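Containing mmCIF, C-alpha atoms and all ligand atoms: run.cif.
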data_upload
loop_
_atom_site.label_atom_id
_atom_site.label_comp_id
_atom_site.auth_asym_id
_atom_site.auth_seq_id
_atom_site.Cartn_x
_atom_site.Cartn_y
_atom_site.Cartn_z
CA MET A 470 -34.58 12.03 3.46
CA SER A 471 -34.23 12.33 7.19
CA ALA A 472 -31.02 11.46 8.90
CA VAL A 473 -29.12 12.79 11.83
CA SER A 474 -26.20 14.99 10.93
CA THR A 475 -23.20 16.15 12.90
CA ASN A 476 -22.93 19.47 11.06
CA VAL A 477 -19.23 18.81 10.74
CA ILE A 478 -17.40 19.83 7.57
CA PRO A 479 -14.12 17.93 7.55
CA ILE A 480 -12.62 19.70 4.53
CA ARG A 481 -13.59 22.41 2.08
CA TRP A 482 -12.26 24.90 -0.45
CA ASN A 483 -12.29 28.57 0.51
CA ASP A 484 -13.13 30.51 -2.67
CA ALA A 485 -12.15 33.84 -1.12
CA THR A 486 -8.58 32.82 -0.27
CA ASN A 487 -8.00 29.85 -2.61
CA GLU A 488 -7.05 27.74 0.40
CA ILE A 489 -8.04 24.31 1.62
CA VAL A 490 -9.64 24.41 5.08
CA TRP A 491 -9.78 21.31 7.27
CA LEU A 492 -10.90 20.28 10.72
CA ASP A 493 -7.83 18.99 12.56
CA ASN A 494 -8.80 15.39 13.44
CA SER A 495 -5.71 15.03 15.64
CA GLN A 496 -7.08 17.51 18.20
CA ILE A 497 -10.61 16.15 18.61
CA PRO A 498 -12.19 15.86 21.18
CA TRP A 499 -10.12 18.49 22.96
CA GLU A 500 -10.44 21.25 20.41
CA GLU A 501 -12.39 21.88 17.18
CA ARG A 502 -9.60 23.62 15.31
CA TYR A 503 -9.76 24.53 11.64
CA ILE A 504 -6.53 24.92 9.71
CA SER A 505 -6.16 26.44 6.26
CA SER A 506 -3.33 26.46 3.77
CA ARG A 507 -2.55 26.89 0.09
CA GLU A 508 0.74 25.00 0.32
CA PRO A 509 0.80 21.39 -0.97
CA GLU A 510 3.63 20.63 1.50
CA ARG A 511 1.41 21.67 4.42
CA LEU A 512 -1.41 19.52 3.07
CA ILE A 513 0.91 16.50 2.89
CA LYS A 514 2.02 17.15 6.47
CA ALA A 515 -1.64 17.32 7.54
CA ILE A 516 -2.33 13.98 5.84
CA GLN A 517 0.69 12.30 7.41
CA LYS A 518 -0.09 13.66 10.88
CA LEU A 519 -3.74 12.53 10.51
CA GLU A 520 -5.11 16.04 10.79
CA ILE A 521 -6.89 14.94 7.62
CA ARG A 522 -7.68 11.23 7.52
CA GLY A 523 -10.13 8.50 6.53
CA ALA A 524 -10.34 7.08 3.05
CA PRO A 525 -13.11 9.19 1.43
CA VAL A 526 -11.90 12.48 2.94
CA LEU A 527 -8.40 11.59 1.76
CA GLY A 528 -9.97 11.31 -1.71
CA GLU A 529 -11.35 14.84 -1.32
CA ALA A 530 -7.97 16.06 0.00
CA GLY A 531 -6.20 14.50 -2.99
CA ALA A 532 -8.59 16.23 -5.37
CA TYR A 533 -8.48 19.62 -3.65
CA GLY A 534 -4.72 19.31 -3.25
CA ALA A 535 -4.25 18.66 -6.96
CA ALA A 536 -6.60 21.57 -7.76
CA MET A 537 -4.57 23.78 -5.43
CA ILE A 538 -1.35 22.76 -7.19
CA VAL A 539 -2.99 23.76 -10.49
CA ASN A 540 -4.26 27.01 -9.03
CA ASN A 541 -0.81 27.91 -7.64
CA SER A 542 0.81 27.37 -11.04
CA LEU A 543 1.82 30.14 -13.44
CA ASN A 544 -0.69 31.11 -16.10
CA SER A 545 0.81 28.62 -18.54
CA ASN A 546 -0.55 25.21 -19.47
CA GLU A 547 2.99 23.86 -19.53
CA ASP A 548 3.59 24.87 -15.92
CA ILE A 549 0.16 23.59 -14.86
CA LEU A 550 0.72 20.19 -16.47
CA ARG A 551 4.23 19.76 -15.08
CA ASN A 552 3.11 20.67 -11.56
CA VAL A 553 -0.06 18.61 -11.48
CA VAL A 554 1.85 15.54 -12.64
CA GLN A 555 4.99 15.92 -10.50
CA LYS A 556 3.59 17.46 -7.32
CA GLY A 557 0.33 15.53 -7.71
CA ASP A 558 2.22 12.23 -7.71
CA VAL A 559 4.04 13.24 -4.51
CA LEU A 560 0.70 14.10 -2.89
CA ALA A 561 -0.87 10.82 -4.06
CA ALA A 562 1.94 8.85 -2.39
CA SER A 563 1.82 10.66 0.94
CA ARG A 564 -0.20 7.82 2.52
CA PRO A 565 -0.08 4.46 0.76
CA THR A 566 -2.97 2.28 1.91
CA ALA A 567 -6.23 4.15 1.26
CA VAL A 568 -6.80 3.98 -2.49
CA ASN A 569 -9.01 7.09 -2.42
CA LEU A 570 -6.10 9.54 -2.03
CA SER A 571 -4.45 8.63 -5.31
CA TRP A 572 -7.91 8.20 -6.88
CA GLY A 573 -8.74 11.85 -6.07
CA VAL A 574 -5.41 13.12 -7.45
CA ARG A 575 -5.72 11.02 -10.64
CA ILE A 576 -9.18 12.39 -11.43
CA ILE A 577 -7.87 15.96 -11.34
CA GLN A 578 -4.75 15.05 -13.33
CA SER A 579 -6.95 13.48 -16.04
CA ALA A 580 -9.38 16.42 -16.04
CA VAL A 581 -6.47 18.85 -16.46
CA LYS A 582 -4.92 16.84 -19.31
CA LYS A 583 -8.26 16.65 -21.08
CA ALA A 584 -8.92 20.39 -20.64
CA ILE A 585 -5.50 21.20 -22.11
CA ASP A 586 -6.07 18.77 -24.99
CA ASP A 587 -9.43 20.45 -25.60
CA GLY A 588 -7.62 23.76 -26.11
CA LYS A 589 -8.66 25.51 -22.91
CA ASN A 590 -6.58 28.45 -21.69
CA PRO A 591 -4.81 28.38 -18.27
CA SER A 592 -7.62 30.20 -16.43
CA GLU A 593 -10.15 27.75 -17.84
CA VAL A 594 -7.93 24.78 -16.93
CA LYS A 595 -7.70 26.07 -13.35
CA ALA A 596 -11.49 26.37 -13.20
CA VAL A 597 -11.90 22.83 -14.55
CA ALA A 598 -9.58 21.45 -11.85
CA LEU A 599 -11.39 23.21 -9.03
CA ASP A 600 -14.87 22.35 -10.32
CA SER A 601 -13.84 18.69 -10.62
CA ALA A 602 -12.59 18.66 -7.03
CA LYS A 603 -15.79 20.27 -5.77
CA LYS A 604 -17.82 17.70 -7.69
CA ILE A 605 -15.85 14.87 -6.06
CA GLN A 606 -16.81 16.24 -2.66
CA GLU A 607 -20.48 16.65 -3.64
CA ASP A 608 -20.58 13.10 -5.01
CA ASN A 609 -18.86 11.77 -1.89
CA ILE A 610 -21.40 13.42 0.38
CA ARG A 611 -24.32 12.18 -1.72
CA ALA A 612 -22.86 8.65 -1.65
CA THR A 613 -22.88 8.62 2.16
CA TYR A 614 -26.62 9.34 2.20
CA GLN A 615 -27.25 6.64 -0.39
CA LEU A 616 -25.07 4.24 1.54
CA GLY A 617 -27.05 4.99 4.70
CA GLU A 618 -30.32 4.16 2.97
CA ASN A 619 -28.87 0.97 1.50
CA GLY A 620 -27.43 -0.24 4.81
CA LYS A 621 -30.09 0.73 7.34
CA GLU A 622 -32.17 -2.40 6.74
CA LEU A 623 -29.34 -4.39 8.31
CA ILE A 624 -29.85 -2.64 11.65
CA HIS A 625 -32.66 -3.74 13.96
CA ASP A 626 -34.23 -2.81 17.28
CA GLY A 627 -32.10 -4.08 20.16
CA ASP A 628 -28.91 -4.44 18.12
CA VAL A 629 -25.56 -4.10 19.82
CA ILE A 630 -23.11 -2.77 17.25
CA ILE A 631 -19.33 -2.75 17.46
CA THR A 632 -17.33 -0.17 15.51
CA VAL A 633 -13.65 0.16 14.69
CA CYS A 634 -11.67 3.32 14.10
CA ASN A 635 -13.67 6.23 12.73
CA ALA A 636 -15.61 5.82 9.52
CA GLY A 637 -17.83 8.78 10.31
CA THR A 638 -18.23 12.31 8.99
CA LEU A 639 -14.70 13.24 10.00
CA ALA A 640 -13.31 10.49 7.78
CA CYS A 641 -15.85 10.35 4.99
CA ASP A 642 -17.84 13.61 4.96
CA GLY A 643 -21.65 13.61 4.89
CA LEU A 644 -23.07 10.89 7.13
CA GLY A 645 -19.86 8.88 7.12
CA THR A 646 -19.65 5.35 5.74
CA ALA A 647 -19.95 2.81 8.57
CA THR A 648 -21.87 5.43 10.55
CA ALA A 649 -24.27 6.25 7.69
CA PRO A 650 -26.56 3.20 8.10
CA LEU A 651 -26.46 3.73 11.87
CA ARG A 652 -27.54 7.35 11.47
CA ALA A 653 -30.21 6.49 8.91
CA ALA A 654 -31.63 3.69 11.08
CA TRP A 655 -31.58 5.92 14.17
CA ALA A 656 -33.42 8.65 12.28
CA ASP A 657 -36.07 6.04 11.43
CA GLY A 658 -36.53 5.29 15.14
CA VAL A 659 -34.59 2.01 15.31
CA GLN A 660 -33.22 1.57 18.83
CA PHE A 661 -29.72 0.13 19.18
CA ARG A 662 -26.50 0.86 21.00
CA VAL A 663 -22.89 1.09 19.91
CA LEU A 664 -19.67 -0.16 21.47
CA ALA A 665 -16.88 1.91 19.90
CA THR A 666 -13.47 0.25 20.12
CA TYR A 667 -10.59 2.52 21.25
CA THR A 668 -8.51 1.81 18.13
CA ALA A 669 -5.06 2.19 19.64
CA PRO A 670 -2.57 3.64 19.15
CA LEU A 671 -4.28 6.82 17.91
CA TYR A 672 -7.72 6.23 19.43
CA GLN A 673 -9.85 7.22 16.45
CA GLY A 674 -12.70 5.11 17.88
CA ALA A 675 -12.63 6.72 21.32
CA ARG A 676 -11.84 10.25 20.24
CA LEU A 677 -13.73 10.56 16.97
CA THR A 678 -16.48 7.94 16.57
CA ALA A 679 -17.67 8.40 20.15
CA TRP A 680 -17.56 12.19 19.68
CA GLU A 681 -19.67 12.00 16.53
CA LEU A 682 -22.28 9.53 17.79
CA HIS A 683 -22.60 11.28 21.15
CA LYS A 684 -23.26 14.58 19.32
CA ASP A 685 -26.08 12.79 17.46
CA ASN A 686 -27.47 11.32 20.71
CA ILE A 687 -26.89 7.77 19.50
CA PRO A 688 -26.09 5.61 22.55
CA VAL A 689 -22.37 4.84 22.50
CA GLN A 690 -19.95 3.35 25.00
CA VAL A 691 -16.20 3.19 24.44
CA ILE A 692 -14.35 -0.08 25.01
CA THR A 693 -10.65 -0.85 24.80
CA ASP A 694 -9.60 -3.02 21.88
CA ASN A 695 -8.78 -6.00 24.07
CA MET A 696 -12.33 -6.05 25.49
CA ALA A 697 -13.86 -6.77 22.10
CA GLY A 698 -14.03 -10.59 22.21
CA HIS A 699 -15.38 -10.75 25.74
CA LEU A 700 -17.95 -8.01 25.19
CA MET A 701 -18.95 -9.28 21.75
CA ARG A 702 -20.03 -12.48 23.48
CA GLU A 703 -21.29 -11.15 26.83
CA GLU A 704 -23.20 -8.15 25.45
CA LYS A 705 -24.61 -10.31 22.63
CA ALA A 706 -23.32 -8.09 19.86
CA THR A 707 -25.25 -8.45 16.62
CA SER A 708 -22.93 -6.79 14.11
CA VAL A 709 -19.55 -5.18 13.58
CA TRP A 710 -19.54 -2.17 11.24
CA ALA A 711 -16.26 -1.13 9.63
CA GLY A 712 -15.27 1.20 6.83
CA ALA A 713 -12.57 0.33 4.32
CA ASP A 714 -9.44 1.94 2.95
CA ARG A 715 -9.30 -0.37 -0.02
CA ILE A 716 -11.47 -3.22 -1.30
CA LEU A 717 -9.89 -5.52 -3.85
CA SER A 718 -11.86 -6.60 -6.90
CA SER A 719 -9.26 -7.55 -9.50
CA SER A 720 -9.48 -11.34 -9.23
CA SER A 721 -12.15 -13.83 -8.22
CA ASP A 722 -10.18 -15.31 -5.30
CA GLU A 723 -9.14 -11.95 -3.78
CA SER A 724 -12.29 -9.92 -4.50
CA GLY A 725 -13.86 -8.62 -1.32
CA THR A 726 -10.52 -8.48 0.52
CA ILE A 727 -10.76 -5.53 2.89
CA TYR A 728 -7.94 -3.25 3.99
CA ASN A 729 -8.97 -1.21 6.97
CA LYS A 730 -7.69 0.14 10.28
CA ILE A 731 -5.56 -2.24 12.31
CA GLY A 732 -7.87 -4.32 14.49
CA THR A 733 -10.50 -4.93 11.81
CA PHE A 734 -9.17 -8.40 10.98
CA GLY A 735 -9.23 -9.44 14.64
CA LEU A 736 -12.82 -8.23 15.01
CA ALA A 737 -13.80 -10.09 11.83
CA LEU A 738 -12.30 -13.33 13.16
CA MET A 739 -14.11 -12.97 16.48
CA ALA A 740 -17.36 -12.09 14.74
CA HIS A 741 -17.05 -15.13 12.50
CA GLU A 742 -16.46 -17.42 15.47
CA LEU A 743 -19.36 -15.96 17.47
CA GLY A 744 -21.89 -15.78 14.63
CA VAL A 745 -21.89 -11.96 14.60
CA LYS A 746 -22.33 -10.17 11.26
CA MET A 747 -19.29 -8.35 9.86
CA TYR A 748 -20.44 -5.46 7.68
CA VAL A 749 -18.15 -3.21 5.65
CA ALA A 750 -19.50 0.10 4.37
CA ALA A 751 -17.59 2.06 1.75
CA PRO A 752 -18.18 4.13 -1.37
CA THR A 753 -17.33 2.57 -4.73
CA SER A 754 -14.32 4.93 -4.93
CA THR A 755 -12.72 2.62 -2.34
CA ILE A 756 -12.96 -0.38 -4.66
CA ASP A 757 -9.59 -1.03 -6.29
CA PRO A 758 -10.08 -2.82 -9.61
CA SER A 759 -6.40 -3.34 -10.38
CA SER A 760 -4.36 -4.30 -7.29
CA LYS A 761 -3.72 -7.75 -5.88
CA VAL A 762 -2.84 -8.51 -2.26
CA ARG A 763 0.86 -8.55 -3.16
CA ASP A 764 0.63 -4.97 -4.50
CA VAL A 765 -0.93 -3.28 -1.48
CA LYS A 766 1.40 -1.51 0.90
CA ILE A 767 0.35 -1.44 4.53
CA GLU A 768 1.52 1.81 6.07
CA GLN A 769 3.97 1.37 8.94
CA ARG A 770 3.83 4.34 11.27
CA LYS A 771 6.28 5.83 13.77
CA ALA A 772 7.33 3.76 16.79
CA SER A 773 6.63 6.74 19.05
CA GLU A 774 2.87 6.28 18.53
CA VAL A 775 3.12 2.92 20.30
CA GLU A 776 5.85 3.83 22.78
CA ALA A 777 3.90 6.69 24.34
CA LEU A 778 0.19 7.24 24.98
CA PHE A 779 -0.82 9.88 22.45
CA GLY A 780 2.52 11.62 22.67
CA GLY A 781 2.42 11.66 26.49
CA THR A 782 3.26 8.98 29.03
CA ILE A 783 5.84 6.47 27.82
CA VAL A 784 4.58 2.91 28.34
CA VAL A 785 7.29 0.86 26.59
CA PRO A 786 10.62 0.29 28.37
CA LYS A 787 13.54 2.10 26.76
CA GLY A 788 15.35 -0.05 24.20
CA VAL A 789 12.38 -2.36 23.53
CA GLY A 790 11.25 -2.45 19.90
CA VAL A 791 7.67 -1.99 18.71
CA LEU A 792 5.68 -2.64 15.54
CA ASN A 793 3.11 -0.19 14.23
CA PRO A 794 1.19 -1.30 11.13
CA ALA A 795 -1.67 1.18 10.61
CA PHE A 796 -3.95 -1.17 8.65
CA ASP A 797 -4.72 -4.85 8.26
CA ARG A 798 -6.17 -7.19 5.67
CA THR A 799 -9.42 -9.10 6.18
CA PRO A 800 -10.04 -11.97 3.74
CA PRO A 801 -13.45 -11.97 2.03
CA GLU A 802 -14.70 -15.11 3.78
CA TYR A 803 -15.01 -13.11 7.01
CA VAL A 804 -17.13 -10.34 5.46
CA SER A 805 -20.92 -10.77 5.64
CA ALA A 806 -21.70 -7.94 3.21
CA ILE A 807 -20.14 -4.89 1.58
CA ILE A 808 -22.52 -1.95 1.53
CA THR A 809 -21.92 0.79 -1.07
CA GLU A 810 -23.86 3.75 -2.39
CA ILE A 811 -25.05 1.69 -5.36
CA GLY A 812 -26.11 -1.43 -3.49
CA THR A 813 -24.91 -4.28 -1.32
CA ALA A 814 -22.57 -7.08 -2.38
CA ARG A 815 -22.35 -10.48 -0.73
CA ALA A 816 -20.13 -13.52 -1.29
CA PRO A 817 -18.99 -14.65 -3.75
CA TYR A 818 -17.52 -11.18 -4.20
CA GLY A 819 -15.72 -12.17 -7.39
CA GLU A 820 -19.18 -12.19 -8.95
CA SER A 821 -21.17 -9.74 -6.86
CA ILE A 822 -18.79 -6.73 -6.97
CA PRO A 823 -18.42 -6.67 -10.78
CA ALA A 824 -22.17 -7.27 -11.14
CA LEU A 825 -22.95 -4.39 -8.79
CA LEU A 826 -20.57 -2.01 -10.57
CA LYS A 827 -22.11 -2.97 -13.90
CA ASN A 828 -25.69 -2.81 -12.76
CA PRO A 829 -26.24 -0.60 -9.68
CA ARG A 830 -29.18 -2.00 -7.73
CA SER A 831 -30.30 0.65 -5.32
CA MET A 832 -29.53 4.20 -6.25
CA VAL A 833 -31.30 6.45 -3.79
CA LYS A 834 -32.08 10.07 -4.51
CA THR A 835 -31.17 12.60 -1.81
O1 LIG A 901 -5.37 6.03 9.87
P1 LIG A 901 -6.76 6.55 9.60
O2 LIG A 901 -7.37 7.23 10.76
O3 LIG A 901 -6.81 7.37 8.34
O4 LIG A 901 -7.59 5.25 9.30
C1 LIG A 901 -8.93 5.36 8.90
C2 LIG A 901 -9.59 4.07 8.81
O5 LIG A 901 -8.99 3.02 8.87
C3 LIG A 901 -11.01 4.09 8.49
O6 LIG A 901 -11.66 3.07 9.15
C4 LIG A 901 -11.06 3.91 7.00
O7 LIG A 901 -10.48 4.98 6.32
C5 LIG A 901 -12.35 3.54 6.45
S1 LIG A 901 -13.64 4.72 6.46
C6 LIG A 901 -13.05 6.20 6.50
#
Could I get this file's structure written as C-alpha cells?
Ligand code: MRU
Amino acid sequence: MSAVSTNVIPIRWNDATNEIVWLDNSQIPWEERYISSREPERLIKAIQKLEIRGAPVLGEAGAYGAAMIVNNSLNSNEDILRNVVQKGDVLAASRPTAVNLSWGVRIIQSAVKKAIDDGKNPSEVKAVALDSAKKIQEDNIRATYQLGENGKELIHDGDVIITVCNAGTLACDGLGTATAPLRAAWADGVQFRVLATYTAPLYQGARLTAWELHKDNIPVQVITDNMAGHLMREEKATSVWAGADRILSSSSDESGTIYNKIGTFGLALMAHELGVKMYVAAPTSTIDPSSKVRDVKIEQRKASEVEALFGGTIVVPKGVGVLNPAFDRTPPEYVSAIITEIGTARAPYGESIPALLKNPRSMVKT
C-alpha cells in the first residue's frame, strides 16, 4: 500500500532502558524533542501537559504506562496486581474525555489478571504486559492504514478540506485518523487542499496538523477558528474532517454522538447549514459501548491557557473570568459518516455502528 508518511514516532517503548519515549507535542513546531521516563508520575504529567495527546496515542500511553507500572513492580504477583490496579486506575483517570486512555490501561490490567490466573510467574507476567502494550501500538498503526483506505474514496480532485485540532500521526500514530484518508488519497494522486483551523487555545491545528501535512507536501493553509464559517462558504469547502475522542454507541438515540476537540460542534453546525460533508475518522477503540451523554466528562482546562497566548502575552484583562472546556459534543444528526478501520457507518448510527462492529465490511491488509 502506498501512502505518504511523516516518519514520526509519537511514542514507543525502549527495550534497552525499560522506559517510555515520546515526542513532546507541546514543543512542536519549535523543537522536535524526545523525552523518556520510567516513572508513571512523569507520564501522567506528560499527558496532562499535552506532551502526549490525541485519543489513539493516549490509548498507547495508557497501555505502555500500565506495562511500565508492572515492570517497575517487585518480582511478586501480589505486588504487580496491586500496582497495576491502583496506579493503573490513577493513570486511566489522568485525562477524562478520550475513552482510549482508560481502554489502553484496562487491556493491560485484564491481561495481567489473566496471566496471574493462568499461573504465570512474575517475569512472565511482566512480559505479557509489555507484549500486550506493543500489540496495541501495532494494531493502532495498522488501523490507521486501513482507515485511510476506507476513507480515501470520500476525497476528490478539487476538494477543499477543513480540519480541526490534530488527528494526525502525532495524535494517532501511523497515518493518523482524520489525516489518514487525506494521505491515502494524496498518495493516489488526488489533488485537494486543506484549511487547518488554529484550534485555540493550544493551537494543535496550526502547530501540529499544518506541520505534519506540510512535511508530506500536502497543500495546507492555516486559518483562525473564527474564519471557518466565512471561508467554508467563500472557498467552497467540500468536507470537514475531524477525529474523535469518544463516539457513543450505547443507545439508539445517542449512537454516533461525537466528543472531539472544542470547535468541532461549531464546524459541524456550519457544515450542515452550508451543505458541506462532516466526516469523523476514528479507530473502533474510540467507540464507547457503555456511556451515555450524561456520563461523559468534558475536561475543563486551566484558565491560564485562555488568559495568555501559549503561555506568553496576556490577552484577558486582569480579574476577568474565562471558560476553557477542552472538548465538545456533536450530535449524530450533524455527522455525515464515521470512518473506522473496519468500514464506514452512516445514519442511523444506532443501527449502523452495531452492525459494523458485528460484521466488519472493509478490512484492508497492509
Ligand atoms: O487535547 P488534545 O490535543 O488531546 O485533543 C485531541 C483531539 O481532540 C483530537 O482531535 C482527538 O483526539 C481525535 S484524533 C486524535
Query - Contacts of ligand LIG 901 (chain A), 6 Å or closer, all atoms listed in the file, given as a list of chain:residue names - result: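 Final answer, ordered by chain and number: A:Arg522, A:Gly523, A:Ala524, A:Pro525, A:Cys634, A:Asn635, A:Ala636, A:Ala640, A:Cys641, A:Gly712, A:Ala713, A:Asp714, A:Asn729, A:Lys730.
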Expected file contents, prior selection, C-alpha atoms, as a PDB file, keeping the file's coordinate frame:
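In the end it all went to selection08.pdb:
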ATOM      1  CA  ARG A 522      -7.680  11.230   7.520  1.00  0.00           C
ATOM      2  CA  GLY A 523     -10.130   8.500   6.530  1.00  0.00           C
ATOM      3  CA  ALA A 524     -10.340   7.080   3.050  1.00  0.00           C
ATOM      4  CA  PRO A 525     -13.110   9.190   1.430  1.00  0.00           C
ATOM      5  CA  CYS A 634     -11.670   3.320  14.100  1.00  0.00           C
ATOM      6  CA  ASN A 635     -13.670   6.230  12.730  1.00  0.00           C
ATOM      7  CA  ALA A 636     -15.610   5.820   9.520  1.00  0.00           C
ATOM      8  CA  ALA A 640     -13.310  10.490   7.780  1.00  0.00           C
ATOM      9  CA  CYS A 641     -15.850  10.350   4.990  1.00  0.00           C
ATOM     10  CA  GLY A 712     -15.270   1.200   6.830  1.00  0.00           C
ATOM     11  CA  ALA A 713     -12.570   0.330   4.320  1.00  0.00           C
ATOM     12  CA  ASP A 714      -9.440   1.940   2.950  1.00  0.00           C
ATOM     13  CA  ASN A 729      -8.970  -1.210   6.970  1.00  0.00           C
ATOM     14  CA  LYS A 730      -7.690   0.140  10.280  1.00  0.00           C
TER      15      LYS A 730
END
Query raised in the report: Of the candidates A:Val804, A:Ile631, A:Ala580, A:Val594, which one gets nearest to Ile549 of chain A if we count all atoms listed in the file?
Result: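 Among the listed residues, the smallest separation from Ile549 of chain A belongs to A:Val594.
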Query - Nearest to Ser719 of chain A, chosen from A:Asp685, A:Gly819, A:Lys787, A:Glu774, with all atoms listed in the file counted in the distances - result: A:Gly819
Query raised in the report: Which residue, A:Ser760, A:Thr753, A:Thr733, A:Gln660, has the smallest gap to Pro800 of chain A when you use all atoms listed in the file?
Result: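 Counting all atoms listed in the file, the residue closest to Pro800 of chain A is A:Thr733.
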Report summary line: In Å and to one decimal, atom CA of Leu644 of chain A is distant from atom CA of Glu510 of chain A by 29.0 Å
Requested in this report: Rank A:Ala515, A:Leu616, A:Val581, A:Ala737 by their smallest atom-to-atom distance to Ala654 of chain A, using all atoms listed in the file, and report the top residue only.
Outcome: A:Leu616
Identify, on the basis of all atoms listed in the file, every residue whose closest approach to Pro565 of chain A does not exceed 10 Å; exclude the query and any residue fewer than 2 positions from it along the same chain; express the result as a PDB file with C-alpha atoms, in the frame of the given file.
ATOM      1  CA  ALA A 561      -0.870  10.820  -4.060  1.00  0.00           C
ATOM      2  CA  ALA A 562       1.940   8.850  -2.390  1.00  0.00           C
ATOM      3  CA  SER A 563       1.820  10.660   0.940  1.00  0.00           C
ATOM      4  CA  ALA A 567      -6.230   4.150   1.260  1.00  0.00           C
ATOM      5  CA  VAL A 568      -6.800   3.980  -2.490  1.00  0.00           C
ATOM      6  CA  ASN A 569      -9.010   7.090  -2.420  1.00  0.00           C
ATOM      7  CA  LEU A 570      -6.100   9.540  -2.030  1.00  0.00           C
ATOM      8  CA  SER A 571      -4.450   8.630  -5.310  1.00  0.00           C
ATOM      9  CA  ASP A 714      -9.440   1.940   2.950  1.00  0.00           C
ATOM     10  CA  VAL A 765      -0.930  -3.280  -1.480  1.00  0.00           C
ATOM     11  CA  LYS A 766       1.400  -1.510   0.900  1.00  0.00           C
ATOM     12  CA  ILE A 767       0.350  -1.440   4.530  1.00  0.00           C
ATOM     13  CA  GLU A 768       1.520   1.810   6.070  1.00  0.00           C
ATOM     14  CA  GLN A 769       3.970   1.370   8.940  1.00  0.00           C
TER      15      GLN A 769
END
Would you write out, as a tab-separated table, a table of all residues in segment 478-566 of chain A that have an atom no more than 7 Å from an atom of segment 574-577 of chain A, listing for each the closest atom pair and the distance in Å to one decimal, considering all atoms listed in the file and ordering rows by chain and rising residue number?
residue	atom	partner	partner_atom	distance
A:Gly531	CA	A:Val574	CA	4.7
A:Ala532	CA	A:Val574	CA	4.9
A:Ala535	CA	A:Val574	CA	5.7
A:Ala536	CA	A:Ile577	CA	6.8
A:Gly557	CA	A:Val574	CA	6.2
A:Ala561	CA	A:Val574	CA	6.1
**Report entry** Near-segment 662-665 of chain A list (7 Å; all atoms listed in the file; drop same-chain fewer than 3 positions) as a list in words
**Finding:**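 The filter keeps Asp628, Val629, Ile630, Ile631, Thr632, Val633, Gly674, Ala675, Thr678, Ala679, Pro688, Val689, Gln690, Val691 and Ile692 of chain A.
Separating atom CA of Arg507 of chain A from atom CA of Leu550 of chain A is a distance of 18.2 Å.
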Requested in this report: Point out the residue among A:Lys827, A:Lys761, A:Lys595, A:Arg815 with the least atom-to-atom distance to Lys582 of chain A, counting all atoms listed in the file.
Outcome: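 Closest residue, counting all atoms listed in the file: A:Lys595.
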Query raised in the report: Taking all atoms listed in the file into account, which of A:Phe779, A:Tyr533, A:Tyr748, A:Tyr803 comes nearest Ser708 of chain A?
Result: A:Tyr748
Query raised in the report: What does the distance between atom CA of Leu512 of chain A and atom CA of Tyr728 of chain A come to in Å, to one decimal place?
Result: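 Calculated distance between atom CA of Leu512 of chain A and atom CA of Tyr728 of chain A is 23.7 Å.
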Report task. With all atoms listed in the file counted, which protein, DNA or RNA residues have an atom no more than 10 Å from (-17.0, -7.2, 23.2) in the file frame? Please answer as a PyMOL selection string. Result -> chain A and resi 629-631+664-666+692-706+736+739-740
Write a file of the selected residues as a short mmCIF file (atom, residue, chain, number, x, y, z; two decimals), in the frame of the given file, keeping C-alpha atoms.
data_model
loop_
_atom_site.label_atom_id
_atom_site.label_comp_id
_atom_site.auth_asym_id
_atom_site.auth_seq_id
_atom_site.Cartn_x
_atom_site.Cartn_y
_atom_site.Cartn_z
CA VAL A 629 -25.56 -4.10 19.82
CA ILE A 630 -23.11 -2.77 17.25
CA ILE A 631 -19.33 -2.75 17.46
CA LEU A 664 -19.67 -0.16 21.47
CA ALA A 665 -16.88 1.91 19.90
CA THR A 666 -13.47 0.25 20.12
CA ILE A 692 -14.35 -0.08 25.01
CA THR A 693 -10.65 -0.85 24.80
CA ASP A 694 -9.60 -3.02 21.88
CA ASN A 695 -8.78 -6.00 24.07
CA MET A 696 -12.33 -6.05 25.49
CA ALA A 697 -13.86 -6.77 22.10
CA GLY A 698 -14.03 -10.59 22.21
CA HIS A 699 -15.38 -10.75 25.74
CA LEU A 700 -17.95 -8.01 25.19
CA MET A 701 -18.95 -9.28 21.75
CA ARG A 702 -20.03 -12.48 23.48
CA GLU A 703 -21.29 -11.15 26.83
CA GLU A 704 -23.20 -8.15 25.45
CA LYS A 705 -24.61 -10.31 22.63
CA ALA A 706 -23.32 -8.09 19.86
CA LEU A 736 -12.82 -8.23 15.01
CA MET A 739 -14.11 -12.97 16.48
CA ALA A 740 -17.36 -12.09 14.74
#
